[in-house]
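Enquirer: Sharing my_file_8.txt below, compact mmCIF, C-alpha atoms:
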```txt
# COMPACT_ATOMS: atom_id res chain seq x y z
CA MET A 1036 -7.68 3.77 -20.41
CA SER A 1037 -9.33 5.71 -23.20
CA LEU A 1038 -10.72 4.12 -26.36
CA ILE A 1039 -7.79 5.48 -28.39
CA GLU A 1040 -5.28 3.98 -25.94
CA ASN A 1041 -7.11 0.65 -26.13
CA LEU A 1042 -7.15 0.72 -29.94
CA ASN A 1043 -3.43 1.41 -29.96
CA TRP A 1044 -2.89 -1.45 -27.52
CA ARG A 1045 -4.72 -4.07 -29.58
CA HIS A 1046 -3.47 -5.94 -32.63
CA ALA A 1047 -4.73 -8.90 -34.66
CA THR A 1048 -3.25 -11.65 -32.52
CA LYS A 1049 -1.55 -14.41 -34.50
CA ALA A 1050 -1.10 -17.04 -31.76
CA TYR A 1051 -2.85 -17.73 -28.46
CA ASP A 1052 -1.69 -19.33 -25.22
CA PRO A 1053 -3.96 -22.39 -25.03
CA THR A 1054 -3.65 -22.57 -21.23
CA LYS A 1055 -5.30 -19.19 -20.56
CA LYS A 1056 -9.08 -18.77 -20.54
CA VAL A 1057 -11.20 -15.62 -20.65
CA SER A 1058 -13.33 -15.45 -17.49
CA GLU A 1059 -17.10 -15.68 -17.72
CA GLU A 1060 -17.34 -12.18 -16.20
CA ASP A 1061 -15.14 -10.70 -18.93
CA LEU A 1062 -16.95 -12.66 -21.64
CA GLN A 1063 -20.25 -11.18 -20.48
CA LYS A 1064 -18.85 -7.65 -20.77
CA ILE A 1065 -17.62 -8.36 -24.30
CA LEU A 1066 -21.03 -9.73 -25.31
CA GLU A 1067 -22.77 -6.79 -23.65
CA ALA A 1068 -20.79 -4.27 -25.71
CA ALA A 1069 -21.81 -6.11 -28.89
CA ARG A 1070 -25.42 -6.32 -27.72
CA LEU A 1071 -25.51 -2.54 -27.31
CA ALA A 1072 -24.51 -2.01 -30.95
CA PRO A 1073 -26.64 0.48 -32.82
CA THR A 1074 -28.10 -1.04 -36.00
CA SER A 1075 -29.98 0.17 -39.05
CA SER A 1076 -33.61 0.91 -38.12
CA GLY A 1077 -32.80 -0.56 -34.72
CA LEU A 1078 -33.45 -4.05 -36.10
CA GLN A 1079 -30.54 -5.71 -34.24
CA GLN A 1080 -30.26 -8.05 -37.20
CA PHE A 1081 -27.28 -10.06 -35.99
CA ARG A 1082 -26.46 -12.56 -33.25
CA VAL A 1083 -23.30 -13.90 -31.64
CA LEU A 1084 -22.57 -17.60 -31.30
CA VAL A 1085 -20.14 -18.39 -28.49
CA VAL A 1086 -18.08 -21.50 -29.17
CA GLU A 1087 -15.83 -23.04 -26.51
CA ASN A 1088 -16.29 -26.79 -27.06
CA PRO A 1089 -13.03 -28.22 -28.52
CA ALA A 1090 -14.87 -30.95 -30.43
CA ILE A 1091 -16.98 -28.40 -32.27
CA ARG A 1092 -13.98 -26.17 -32.92
CA ALA A 1093 -12.13 -29.17 -34.35
CA GLN A 1094 -14.85 -29.41 -36.99
CA LEU A 1095 -14.23 -25.78 -37.98
CA VAL A 1096 -10.45 -25.96 -38.39
CA ASP A 1097 -10.52 -27.00 -42.04
CA GLY A 1098 -11.38 -23.99 -44.15
CA SER A 1099 -10.19 -21.53 -41.51
CA LEU A 1100 -7.32 -19.19 -42.43
CA ASN A 1101 -6.27 -19.23 -38.76
CA PRO A 1102 -6.45 -22.93 -37.86
CA GLU A 1103 -4.18 -22.61 -34.82
CA CYS A 1104 -6.22 -19.73 -33.42
CA MET A 1105 -9.38 -21.79 -33.90
CA VAL A 1106 -7.91 -24.52 -31.67
CA GLU A 1107 -5.84 -22.54 -29.18
CA CYS A 1108 -7.79 -19.39 -28.36
CA SER A 1109 -10.07 -19.23 -25.34
CA HIS A 1110 -13.40 -18.56 -27.09
CA VAL A 1111 -14.50 -18.22 -30.70
CA LEU A 1112 -17.29 -15.73 -31.33
CA VAL A 1113 -19.20 -16.13 -34.57
CA PHE A 1114 -21.05 -13.02 -35.76
CA ALA A 1115 -24.04 -14.11 -37.82
CA ALA A 1116 -26.69 -11.99 -39.50
CA TRP A 1117 -30.32 -12.47 -40.47
CA ASN A 1118 -30.61 -14.44 -43.71
CA GLU A 1119 -33.66 -12.36 -44.66
CA TYR A 1120 -35.84 -9.50 -43.51
CA THR A 1121 -39.44 -10.52 -42.89
CA PRO A 1122 -42.45 -8.53 -41.64
CA GLU A 1123 -42.60 -10.87 -38.63
CA ARG A 1124 -39.01 -10.15 -37.65
CA ILE A 1125 -39.49 -6.42 -38.01
CA ASP A 1126 -42.72 -6.49 -36.00
CA ALA A 1127 -41.13 -8.55 -33.22
CA ILE A 1128 -38.46 -5.88 -32.67
CA TYR A 1129 -40.90 -2.98 -32.71
CA ASP A 1130 -43.45 -4.78 -30.52
CA ARG A 1131 -40.72 -5.22 -27.92
CA THR A 1132 -39.68 -1.58 -28.25
CA THR A 1133 -43.19 -0.20 -27.77
CA GLU A 1134 -43.77 -2.54 -24.83
CA GLU A 1135 -40.52 -1.72 -23.04
CA ARG A 1136 -41.04 2.00 -23.62
CA ASP A 1137 -44.63 1.79 -22.46
CA LEU A 1138 -45.84 3.26 -25.74
CA PRO A 1139 -49.12 2.40 -27.49
CA GLN A 1140 -48.86 -0.75 -29.61
CA GLY A 1141 -48.49 0.31 -33.24
CA ARG A 1142 -46.75 3.58 -32.36
CA PHE A 1143 -44.13 2.95 -35.06
CA ASN A 1144 -46.47 1.47 -37.71
CA SER A 1145 -45.94 4.24 -40.24
CA TYR A 1146 -42.22 3.64 -40.02
CA THR A 1147 -42.33 -0.16 -40.02
CA ASP A 1148 -44.78 -0.17 -42.95
CA LYS A 1149 -42.22 1.84 -44.90
CA ILE A 1150 -39.28 -0.45 -44.16
CA LYS A 1151 -41.37 -3.59 -44.74
CA GLU A 1152 -42.24 -2.26 -48.18
CA MET A 1153 -38.63 -1.33 -48.90
CA TYR A 1154 -37.26 -4.73 -47.89
CA GLY A 1155 -40.17 -6.48 -49.56
CA ASN A 1156 -38.86 -5.17 -52.88
CA GLN A 1157 -35.35 -6.51 -52.29
CA SER A 1158 -33.82 -9.96 -52.71
CA LYS A 1159 -32.85 -12.17 -49.77
CA GLU A 1160 -29.26 -11.69 -50.88
CA ALA A 1161 -29.63 -7.92 -50.50
CA HIS A 1162 -31.20 -8.44 -47.06
CA PHE A 1163 -28.30 -10.56 -45.86
CA ASN A 1164 -25.75 -8.19 -47.33
CA HIS A 1165 -27.33 -5.30 -45.43
CA ALA A 1166 -27.67 -7.27 -42.21
CA ALA A 1167 -24.05 -8.43 -42.51
CA LYS A 1168 -22.85 -4.82 -42.51
CA GLN A 1169 -24.59 -4.21 -39.20
CA SER A 1170 -22.80 -7.19 -37.69
CA TYR A 1171 -19.46 -5.42 -38.20
CA ILE A 1172 -20.67 -2.85 -35.67
CA GLY A 1173 -21.05 -5.60 -33.07
CA LEU A 1174 -17.76 -7.19 -34.06
CA VAL A 1175 -15.74 -4.04 -33.46
CA LEU A 1176 -17.51 -3.17 -30.20
CA ALA A 1177 -16.68 -6.65 -28.90
CA MET A 1178 -13.09 -6.12 -29.96
CA ALA A 1179 -12.90 -2.68 -28.32
CA GLN A 1180 -14.40 -4.06 -25.11
CA ALA A 1181 -11.91 -6.94 -25.10
CA ALA A 1182 -9.07 -4.42 -25.51
CA GLU A 1183 -10.41 -2.45 -22.52
CA LEU A 1184 -10.07 -5.68 -20.53
CA LYS A 1185 -6.60 -6.41 -22.03
CA ILE A 1186 -7.95 -9.48 -23.77
CA ASP A 1187 -6.46 -10.26 -27.17
CA THR A 1188 -8.60 -10.82 -30.25
CA THR A 1189 -8.33 -11.65 -33.93
CA PRO A 1190 -11.15 -10.60 -36.23
CA ALA A 1191 -11.43 -12.89 -39.24
CA GLU A 1192 -13.37 -13.02 -42.48
CA GLY A 1193 -11.28 -15.84 -43.92
CA PHE A 1194 -13.15 -19.07 -43.27
CA ASP A 1195 -15.53 -21.51 -44.88
CA ASN A 1196 -18.90 -19.90 -44.23
CA LYS A 1197 -20.88 -22.90 -45.36
CA ARG A 1198 -19.07 -25.20 -42.97
CA ILE A 1199 -19.65 -22.85 -40.03
CA ASP A 1200 -23.31 -22.43 -40.98
CA ASP A 1201 -23.72 -26.21 -41.15
CA VAL A 1202 -21.87 -27.11 -37.94
CA LEU A 1203 -23.62 -24.40 -35.91
CA GLU A 1204 -26.99 -25.08 -37.57
CA LEU A 1205 -27.37 -21.43 -38.49
CA GLU A 1206 -29.97 -21.89 -41.23
CA LYS A 1207 -32.57 -23.17 -38.83
CA ARG A 1208 -31.85 -20.15 -36.64
CA GLY A 1209 -32.49 -17.87 -39.64
CA LEU A 1210 -28.86 -16.76 -39.70
CA LYS A 1211 -25.74 -16.87 -41.86
CA SER A 1212 -22.17 -16.42 -40.61
CA VAL A 1213 -20.29 -13.20 -41.41
CA THR A 1214 -17.13 -12.90 -39.29
CA LEU A 1215 -15.27 -14.68 -36.50
CA LEU A 1216 -13.62 -13.16 -33.47
CA TYR A 1217 -11.00 -15.32 -31.81
CA MET A 1218 -10.28 -14.20 -28.26
CA GLY A 1219 -7.94 -15.11 -25.45
CA TYR A 1220 -4.39 -14.25 -24.42
CA SER A 1221 -1.53 -13.89 -26.87
CA ASP A 1222 1.36 -16.33 -26.82
CA LYS A 1223 4.00 -13.64 -27.25
CA GLN A 1224 6.65 -16.16 -28.34
CA ARG A 1225 4.67 -17.16 -31.42
CA ASP A 1226 2.56 -14.05 -31.98
CA TRP A 1227 4.85 -12.41 -34.53
CA LEU A 1228 2.67 -9.32 -34.93
CA SER A 1229 2.73 -8.42 -31.25
CA THR A 1230 6.00 -6.47 -31.43
CA MET A 1231 5.39 -4.79 -34.77
CA LYS A 1232 4.47 -1.16 -35.18
CA LYS A 1233 0.82 -0.45 -35.98
CA VAL A 1234 0.68 1.20 -39.41
CA ARG A 1235 -2.18 3.36 -40.57
CA ASN A 1236 -2.70 5.93 -43.29
CA PRO A 1237 -1.57 9.32 -41.94
CA MET A 1238 -4.40 11.55 -40.71
CA GLU A 1239 -3.97 14.01 -43.60
CA GLU A 1240 -4.73 11.19 -46.07
CA PHE A 1241 -7.38 9.48 -43.98
CA ALA A 1242 -9.54 12.50 -43.15
CA ILE A 1243 -10.46 14.74 -46.06
CA ARG A 1244 -11.56 18.21 -44.97
CA ILE A 1245 -14.17 19.70 -47.29
CA LYS A 1246 -13.76 23.46 -47.27
CA MET B 438 -16.29 5.90 -18.14
CA SER B 439 -16.14 2.41 -19.60
CA LEU B 440 -17.12 1.55 -23.16
CA ILE B 441 -20.34 -0.09 -21.91
CA GLU B 442 -21.28 3.03 -19.95
CA ASN B 443 -20.60 5.16 -23.01
CA LEU B 444 -22.70 2.88 -25.23
CA ASN B 445 -25.55 3.09 -22.75
CA TRP B 446 -25.19 6.87 -22.67
CA ARG B 447 -25.43 7.36 -26.44
CA HIS B 448 -28.51 7.31 -28.62
CA ALA B 449 -29.26 8.20 -32.24
CA THR B 450 -29.81 11.90 -31.73
CA LYS B 451 -32.85 13.29 -33.54
CA ALA B 452 -32.22 17.05 -33.22
CA TYR B 453 -29.11 19.14 -32.67
CA ASP B 454 -28.53 22.52 -31.05
CA PRO B 455 -27.26 24.58 -33.99
CA THR B 456 -25.39 26.99 -31.68
CA LYS B 457 -23.01 24.38 -30.25
CA LYS B 458 -19.88 23.28 -32.11
CA VAL B 459 -17.60 20.32 -31.54
CA SER B 460 -14.09 21.59 -30.78
CA GLU B 461 -11.24 20.87 -33.18
CA GLU B 462 -9.48 18.94 -30.39
CA ASP B 463 -12.46 16.64 -29.90
CA LEU B 464 -12.94 16.23 -33.64
CA GLN B 465 -9.33 15.07 -33.97
CA LYS B 466 -9.89 12.41 -31.29
CA ILE B 467 -13.00 11.15 -33.08
CA LEU B 468 -11.14 10.94 -36.39
CA GLU B 469 -8.20 9.24 -34.69
CA ALA B 470 -10.42 6.46 -33.30
CA ALA B 471 -11.77 5.85 -36.82
CA ARG B 472 -8.26 5.97 -38.30
CA LEU B 473 -7.17 3.21 -35.89
CA ALA B 474 -9.92 0.88 -37.17
CA PRO B 475 -8.73 -2.61 -38.01
CA THR B 476 -9.67 -3.57 -41.58
CA SER B 477 -9.64 -6.69 -43.73
CA SER B 478 -6.05 -7.48 -44.80
CA GLY B 479 -5.09 -4.17 -43.20
CA LEU B 480 -6.07 -2.36 -46.40
CA GLN B 481 -7.70 0.63 -44.66
CA GLN B 482 -10.05 0.81 -47.60
CA PHE B 483 -12.18 3.70 -46.37
CA ARG B 484 -11.82 7.43 -45.75
CA VAL B 485 -13.73 10.08 -43.81
CA LEU B 486 -14.88 13.32 -45.36
CA VAL B 487 -15.41 16.10 -42.80
CA VAL B 488 -18.09 18.56 -43.85
CA GLU B 489 -18.71 21.79 -41.92
CA ASN B 490 -19.40 24.32 -44.67
CA PRO B 491 -23.13 25.26 -44.53
CA ALA B 492 -23.31 25.92 -48.28
CA ILE B 493 -22.11 22.40 -49.07
CA ARG B 494 -24.42 20.89 -46.47
CA ALA B 495 -27.33 22.80 -48.00
CA GLN B 496 -26.69 20.90 -51.24
CA LEU B 497 -27.00 17.59 -49.36
CA VAL B 498 -30.29 18.27 -47.57
CA ASP B 499 -32.49 16.94 -50.37
CA GLY B 500 -32.37 13.18 -50.32
CA SER B 501 -31.35 13.01 -46.68
CA LEU B 502 -33.68 11.23 -44.24
CA ASN B 503 -32.46 13.62 -41.52
CA PRO B 504 -32.57 17.02 -43.25
CA GLU B 505 -32.62 19.00 -39.99
CA CYS B 506 -29.60 17.13 -38.65
CA MET B 507 -27.76 17.84 -41.91
CA VAL B 508 -28.26 21.57 -41.35
CA GLU B 509 -28.10 21.89 -37.56
CA CYS B 510 -25.43 19.48 -36.35
CA SER B 511 -21.89 20.66 -35.77
CA HIS B 512 -20.06 18.42 -38.28
CA VAL B 513 -21.14 15.82 -40.83
CA LEU B 514 -18.73 12.94 -41.32
CA VAL B 515 -19.11 10.96 -44.53
CA PHE B 516 -17.65 7.45 -44.45
CA ALA B 517 -16.64 6.49 -47.99
CA ALA B 518 -15.03 3.29 -49.22
CA TRP B 519 -12.76 2.37 -52.11
CA ASN B 520 -14.75 1.98 -55.33
CA GLU B 521 -12.41 -0.84 -56.39
CA TYR B 522 -9.41 -2.88 -55.27
CA THR B 523 -6.41 -2.45 -57.54
CA PRO B 524 -2.88 -3.91 -57.34
CA GLU B 525 -1.55 -0.35 -57.01
CA ARG B 526 -3.74 0.40 -53.99
CA ILE B 527 -2.79 -2.87 -52.30
CA ASP B 528 0.92 -2.29 -52.99
CA ALA B 529 0.79 1.27 -51.65
CA ILE B 530 -0.49 0.05 -48.27
CA TYR B 531 2.02 -2.77 -47.97
CA ASP B 532 4.92 -0.60 -49.17
CA ARG B 533 4.12 1.81 -46.37
CA THR B 534 3.85 -1.02 -43.86
CA THR B 535 7.22 -2.56 -44.75
CA GLU B 536 8.84 0.89 -44.72
CA GLU B 537 7.41 1.95 -41.36
CA ARG B 538 8.28 -1.42 -39.82
CA ASP B 539 11.78 -1.31 -41.28
CA LEU B 540 11.20 -4.64 -43.04
CA PRO B 541 12.67 -5.64 -46.41
CA GLN B 542 10.61 -4.34 -49.35
CA GLY B 543 8.49 -7.22 -50.66
CA ARG B 544 8.27 -8.92 -47.25
CA PHE B 545 4.53 -9.47 -47.73
CA ASN B 546 4.61 -10.32 -51.47
CA SER B 547 3.35 -13.88 -51.05
CA TYR B 548 0.33 -12.51 -49.17
CA THR B 549 -0.34 -9.54 -51.44
CA ASP B 550 -0.02 -11.73 -54.55
CA LYS B 551 -2.75 -13.92 -53.09
CA ILE B 552 -5.16 -11.09 -52.33
CA LYS B 553 -4.46 -9.38 -55.67
CA GLU B 554 -5.43 -12.61 -57.42
CA MET B 555 -8.53 -13.02 -55.27
CA TYR B 556 -9.77 -9.47 -55.87
CA GLY B 557 -8.72 -9.67 -59.54
CA ASN B 558 -11.37 -12.34 -59.96
CA GLN B 559 -14.13 -10.23 -58.42
CA SER B 560 -16.29 -7.44 -59.82
CA LYS B 561 -15.89 -3.80 -58.83
CA GLU B 562 -19.29 -4.10 -57.19
CA ALA B 563 -18.00 -6.92 -54.97
CA HIS B 564 -14.93 -4.83 -54.14
CA PHE B 565 -17.00 -1.86 -53.05
CA ASN B 566 -19.39 -4.06 -51.09
CA HIS B 567 -16.47 -5.55 -49.17
CA ALA B 568 -14.79 -2.19 -48.62
CA ALA B 569 -18.10 -0.71 -47.44
CA LYS B 570 -18.31 -3.31 -44.66
CA GLN B 571 -14.93 -2.21 -43.33
CA SER B 572 -16.14 1.37 -43.20
CA TYR B 573 -18.73 0.37 -40.57
CA ILE B 574 -15.82 -0.43 -38.27
CA GLY B 575 -14.62 3.15 -38.56
CA LEU B 576 -18.14 4.51 -38.21
CA VAL B 577 -18.76 2.81 -34.90
CA LEU B 578 -15.34 3.66 -33.47
CA ALA B 579 -16.00 7.33 -34.26
CA MET B 580 -19.37 7.02 -32.55
CA ALA B 581 -17.88 5.32 -29.48
CA GLN B 582 -15.16 7.97 -29.25
CA ALA B 583 -17.74 10.74 -29.51
CA ALA B 584 -19.73 9.10 -26.69
CA GLU B 585 -16.57 9.02 -24.54
CA LEU B 586 -16.39 12.80 -25.06
CA LYS B 587 -20.15 13.21 -24.42
CA ILE B 588 -20.68 14.33 -27.97
CA ASP B 589 -23.94 13.27 -29.60
CA THR B 590 -24.07 11.48 -32.93
CA THR B 591 -26.52 10.05 -35.43
CA PRO B 592 -25.35 7.31 -37.77
CA ALA B 593 -27.29 7.29 -41.02
CA GLU B 594 -27.57 5.12 -44.09
CA GLY B 595 -30.64 6.93 -45.39
CA PHE B 596 -29.44 9.46 -47.94
CA ASP B 597 -28.94 9.95 -51.66
CA ASN B 598 -25.54 8.35 -52.23
CA LYS B 599 -25.21 9.67 -55.75
CA ARG B 600 -25.80 13.23 -54.65
CA ILE B 601 -23.20 12.98 -51.89
CA ASP B 602 -20.72 11.35 -54.27
CA ASP B 603 -21.25 14.13 -56.79
CA VAL B 604 -21.13 17.08 -54.39
CA LEU B 605 -18.03 15.78 -52.60
CA GLU B 606 -16.41 14.66 -55.87
CA LEU B 607 -15.85 11.18 -54.51
CA GLU B 608 -15.41 9.41 -57.84
CA LYS B 609 -12.24 11.28 -58.66
CA ARG B 610 -10.97 10.33 -55.20
CA GLY B 611 -11.67 6.65 -55.98
CA LEU B 612 -14.37 6.48 -53.31
CA LYS B 613 -18.12 5.96 -52.91
CA SER B 614 -20.17 7.06 -49.92
CA VAL B 615 -21.47 4.45 -47.46
CA THR B 616 -22.74 6.12 -44.27
CA LEU B 617 -23.04 9.50 -42.61
CA LEU B 618 -22.35 10.42 -39.02
CA TYR B 619 -23.97 13.62 -37.82
CA MET B 620 -22.32 14.95 -34.68
CA GLY B 621 -22.80 17.78 -32.24
CA TYR B 622 -24.88 18.44 -29.15
CA SER B 623 -28.48 17.32 -28.75
CA ASP B 624 -31.28 19.86 -28.53
CA LYS B 625 -33.08 18.05 -25.73
CA GLN B 626 -36.32 19.93 -26.35
CA ARG B 627 -36.69 18.51 -29.86
CA ASP B 628 -34.66 15.31 -29.56
CA TRP B 629 -37.60 13.01 -28.81
CA LEU B 630 -35.45 9.90 -28.49
CA SER B 631 -33.22 11.34 -25.76
CA THR B 632 -35.55 10.38 -22.91
CA MET B 633 -36.59 6.98 -24.24
CA LYS B 634 -35.33 3.70 -22.87
CA LYS B 635 -32.72 1.92 -24.98
CA VAL B 636 -34.20 -1.39 -26.12
CA ARG B 637 -32.11 -4.36 -27.16
CA ASN B 638 -32.70 -8.07 -27.54
CA PRO B 639 -32.15 -9.71 -24.15
CA MET B 640 -28.74 -11.33 -23.72
CA GLU B 641 -30.19 -14.87 -23.75
CA GLU B 642 -31.55 -14.23 -27.25
CA PHE B 643 -28.60 -12.23 -28.52
CA ALA B 644 -25.79 -14.57 -27.48
CA ILE B 645 -26.21 -18.21 -28.40
CA ARG B 646 -24.00 -20.53 -26.39
CA ILE B 647 -22.92 -23.60 -28.33
CA LYS B 648 -22.46 -26.46 -25.92
```
Turn this file's structure into structure tokens for me.
Expert:
Amino acid sequence: MSLIENLNWRHATKAYDPTKKVSEEDLQKILEAARLAPTSSGLQQFRVLVVENPAIRAQLVDGSLNPECMVECSHVLVFAAWNEYTPERIDAIYDRTTEERDLPQGRFNSYTDKIKEMYGNQSKEAHFNHAAKQSYIGLVLAMAQAAELKIDTTPAEGFDNKRIDDVLELEKRGLKSVTLLYMGYSDKQRDWLSTMKKVRNPMEEFAIRIK
Amino acid sequence: MSLIENLNWRHATKAYDPTKKVSEEDLQKILEAARLAPTSSGLQQFRVLVVENPAIRAQLVDGSLNPECMVECSHVLVFAAWNEYTPERIDAIYDRTTEERDLPQGRFNSYTDKIKEMYGNQSKEAHFNHAAKQSYIGLVLAMAQAAELKIDTTPAEGFDNKRIDDVLELEKRGLKSVTLLYMGYSDKQRDWLSTMKKVRNPMEEFAIRIK
């Protein structure tokens, strides 16, 4: 199936069958697609928390706009972004890159000096806001990969970020939560959106040709 | 090819062959993948400007971090997001949705009233920031679709947003620019990144399993 066919197949699932689990093999493919996300300056400034444990999910139900999905889906992925940009974090990425590419250490110094200076002049809030945007790239690649595997998902912004950050101890990991991705298999009886037509702006409104 | 194979195939292309053009058929597929992007509350709060005209691109070279790509690639896509959330914009989307789904007008009023109130309490800056995040979803779907077609791309944040907004008259369209996507066919002689290994955080660092 092509990407377009997969995107037409998917929808934001409203109810999951709690008896069906995503296999570890499929989960790994979904995580791999997110891991391959391109990011600004190649900083890979987001991570994915994989939550299966029902006791932990029970703590996240309050404050979630999709409480049933939180309980009934197979896995909850939490996309979380760097809470700040530091010289150490930037160096760690570029040190790995030079090493894996067998390039001389410091090969990218002129570039990393520039971005360290740029981020050094910004607030932590601006850092997180920028990092959060990159995490949407991972979110949608995970969703597209799930659709390729005919696994249902629900992307969600509506939740209590502070609660998630606390329960998953994100601050000590240097992260803050951005989005959730519920995944599993739709319960078609209760998933009211599953039979509805996908509606998008028509192409002539969406794409503006500059002549 | 699977999504993962396509993501491994792609890289942020550093130089394009100016003699090779993306076909209209392929361009339509790339735009279609972006059009199918899921967005927060289904608001589809971003658009894509398609820029081919060399005279217009010449006006955008200054202030671009990739001036050669701006001139030499086949097409420049500009992802631009709503500059504010208004009740009229929210109603227009939901009116279309109820009509296309053959639902009674006003079917989603309880939901749209809620989001109108929420956004009514936020600044225009917060609106744009939120809309901009959604546009990353479209950006990466366009990039993934291009990779499926073996078309090279370069996503870019580094440019003079004000200049782009002015030249493309985005304010009067109710939009502000967020990212660019250069697309075309790599000039392998000058595209220094094309032979380099793709480096990502290892899976055990990227995905954090909560036990």
Enquirer: Select from chain B every residue with an atom at most 7 Å from any atom of chain A, then for each give the shortest pair of atoms and their distance in Å to one decimal, using only C-alpha atoms, rows by chain and rising number, as a Markdown table.
Expert:
```
| residue | atom | partner | partner_atom | distance |
| --- | --- | --- | --- | --- |
| B:Leu440 | CA | A:Gln1180 | CA | 6.5 |
| B:Ile441 | CA | A:Ala1068 | CA | 5.7 |
| B:Leu444 | CA | A:Leu1071 | CA | 6.4 |
| B:Ala470 | CA | A:Ile1039 | CA | 5.7 |
| B:Arg472 | CA | A:Phe1241 | CA | 6.7 |
| B:Leu473 | CA | A:Leu1042 | CA | 6.5 |
| B:Arg484 | CA | A:Phe1241 | CA | 5.2 |
| B:Val485 | CA | A:Ala1242 | CA | 4.9 |
| B:Leu486 | CA | A:Ile1243 | CA | 4.7 |
| B:Val487 | CA | A:Arg1244 | CA | 4.9 |
| B:Val488 | CA | A:Ile1245 | CA | 5.3 |
| B:Asn490 | CA | A:Lys1246 | CA | 6.3 |
| B:Thr534 | CA | A:Val1234 | CA | 5.9 |
| B:Arg538 | CA | A:Lys1232 | CA | 6.0 |
| B:Lys570 | CA | A:Lys1168 | CA | 5.2 |
| B:Tyr573 | CA | A:Ile1172 | CA | 6.2 |
| B:Ile574 | CA | A:Ile1172 | CA | 6.0 |
| B:Val577 | CA | A:Ile1172 | CA | 6.0 |
| B:Gln582 | CA | A:Leu1038 | CA | 6.5 |
| B:Met633 | CA | A:Arg1136 | CA | 6.7 |
| B:Lys634 | CA | A:Arg1136 | CA | 6.0 |
| B:Val636 | CA | A:Thr1132 | CA | 5.9 |
| B:Arg637 | CA | A:Leu1071 | CA | 6.8 |
| B:Phe643 | CA | A:Arg1082 | CA | 5.2 |
| B:Ala644 | CA | A:Val1083 | CA | 4.9 |
| B:Ile645 | CA | A:Leu1084 | CA | 4.7 |
| B:Arg646 | CA | A:Val1085 | CA | 4.9 |
| B:Ile647 | CA | A:Val1086 | CA | 5.3 |
| B:Lys648 | CA | A:Asn1088 | CA | 6.3 |
```
Enquirer: Mind dumping the selected residues with C-alpha atoms as an mmCIF file, keeping the file's coordinate frame?
Expert:
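The resulting file, selection27.cif, is shown below:
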```cif
data_model
loop_
_atom_site.group_PDB
_atom_site.id
_atom_site.type_symbol
_atom_site.label_atom_id
_atom_site.label_comp_id
_atom_site.auth_asym_id
_atom_site.auth_seq_id
_atom_site.Cartn_x
_atom_site.Cartn_y
_atom_site.Cartn_z
ATOM 1 C CA LEU B 440 -17.120 1.550 -23.160
ATOM 2 C CA ILE B 441 -20.340 -0.090 -21.910
ATOM 3 C CA LEU B 444 -22.700 2.880 -25.230
ATOM 4 C CA ALA B 470 -10.420 6.460 -33.300
ATOM 5 C CA ARG B 472 -8.260 5.970 -38.300
ATOM 6 C CA LEU B 473 -7.170 3.210 -35.890
ATOM 7 C CA ARG B 484 -11.820 7.430 -45.750
ATOM 8 C CA VAL B 485 -13.730 10.080 -43.810
ATOM 9 C CA LEU B 486 -14.880 13.320 -45.360
ATOM 10 C CA VAL B 487 -15.410 16.100 -42.800
ATOM 11 C CA VAL B 488 -18.090 18.560 -43.850
ATOM 12 C CA ASN B 490 -19.400 24.320 -44.670
ATOM 13 C CA THR B 534 3.850 -1.020 -43.860
ATOM 14 C CA ARG B 538 8.280 -1.420 -39.820
ATOM 15 C CA LYS B 570 -18.310 -3.310 -44.660
ATOM 16 C CA TYR B 573 -18.730 0.370 -40.570
ATOM 17 C CA ILE B 574 -15.820 -0.430 -38.270
ATOM 18 C CA VAL B 577 -18.760 2.810 -34.900
ATOM 19 C CA GLN B 582 -15.160 7.970 -29.250
ATOM 20 C CA MET B 633 -36.590 6.980 -24.240
ATOM 21 C CA LYS B 634 -35.330 3.700 -22.870
ATOM 22 C CA VAL B 636 -34.200 -1.390 -26.120
ATOM 23 C CA ARG B 637 -32.110 -4.360 -27.160
ATOM 24 C CA PHE B 643 -28.600 -12.230 -28.520
ATOM 25 C CA ALA B 644 -25.790 -14.570 -27.480
ATOM 26 C CA ILE B 645 -26.210 -18.210 -28.400
ATOM 27 C CA ARG B 646 -24.000 -20.530 -26.390
ATOM 28 C CA ILE B 647 -22.920 -23.600 -28.330
ATOM 29 C CA LYS B 648 -22.460 -26.460 -25.920
#
```
Enquirer: State, in Å with one decimal place, the distance from CA of Asp532 in chain B to CA of Thr1188 in chain A.
Expert: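 Computed distance, CA of Asp532 in chain B to CA of Thr1188 in chain A, equals 25.4 Å.
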Enquirer: Do you have the CA of Leu617 in chain B-CA of Asn1144 in chain A distance handy?
Expert: 25.2 Å
Enquirer: Near Trp1227 in chain A, counting all atoms listed in the file, which residues have an atom at most 10 Å away, once you skip same-chain residues fewer than 4 positions from it, shown as a ChimeraX atom specification?
Expert: /A:1048-1050,1222-1223,1231
Enquirer: To one decimal place, how far is CA of Val604 in chain B from CA of Arg494 in chain B in Å?
Expert: 9.4 Å
Enquirer: Could you name the residues that touch Ile1199 in chain A at 9 Å or less, counting only C-alpha atoms, but leaving out those on the same chain fewer than 3 positions away, as an mmCIF file with C-alpha atoms, in the frame of the given file?
Expert:
```cif
data_model
loop_
_atom_site.group_PDB
_atom_site.id
_atom_site.type_symbol
_atom_site.label_atom_id
_atom_site.label_comp_id
_atom_site.auth_asym_id
_atom_site.auth_seq_id
_atom_site.Cartn_x
_atom_site.Cartn_y
_atom_site.Cartn_z
ATOM 1 C CA GLN A 1094 -14.850 -29.410 -36.990
ATOM 2 C CA LEU A 1095 -14.230 -25.780 -37.980
ATOM 3 C CA VAL A 1113 -19.200 -16.130 -34.570
ATOM 4 C CA PHE A 1194 -13.150 -19.070 -43.270
ATOM 5 C CA ASP A 1195 -15.530 -21.510 -44.880
ATOM 6 C CA ASN A 1196 -18.900 -19.900 -44.230
ATOM 7 C CA VAL A 1202 -21.870 -27.110 -37.940
ATOM 8 C CA LEU A 1203 -23.620 -24.400 -35.910
ATOM 9 C CA GLU A 1204 -26.990 -25.080 -37.570
ATOM 10 C CA LEU A 1205 -27.370 -21.430 -38.490
ATOM 11 C CA LYS A 1211 -25.740 -16.870 -41.860
ATOM 12 C CA SER A 1212 -22.170 -16.420 -40.610
#
```
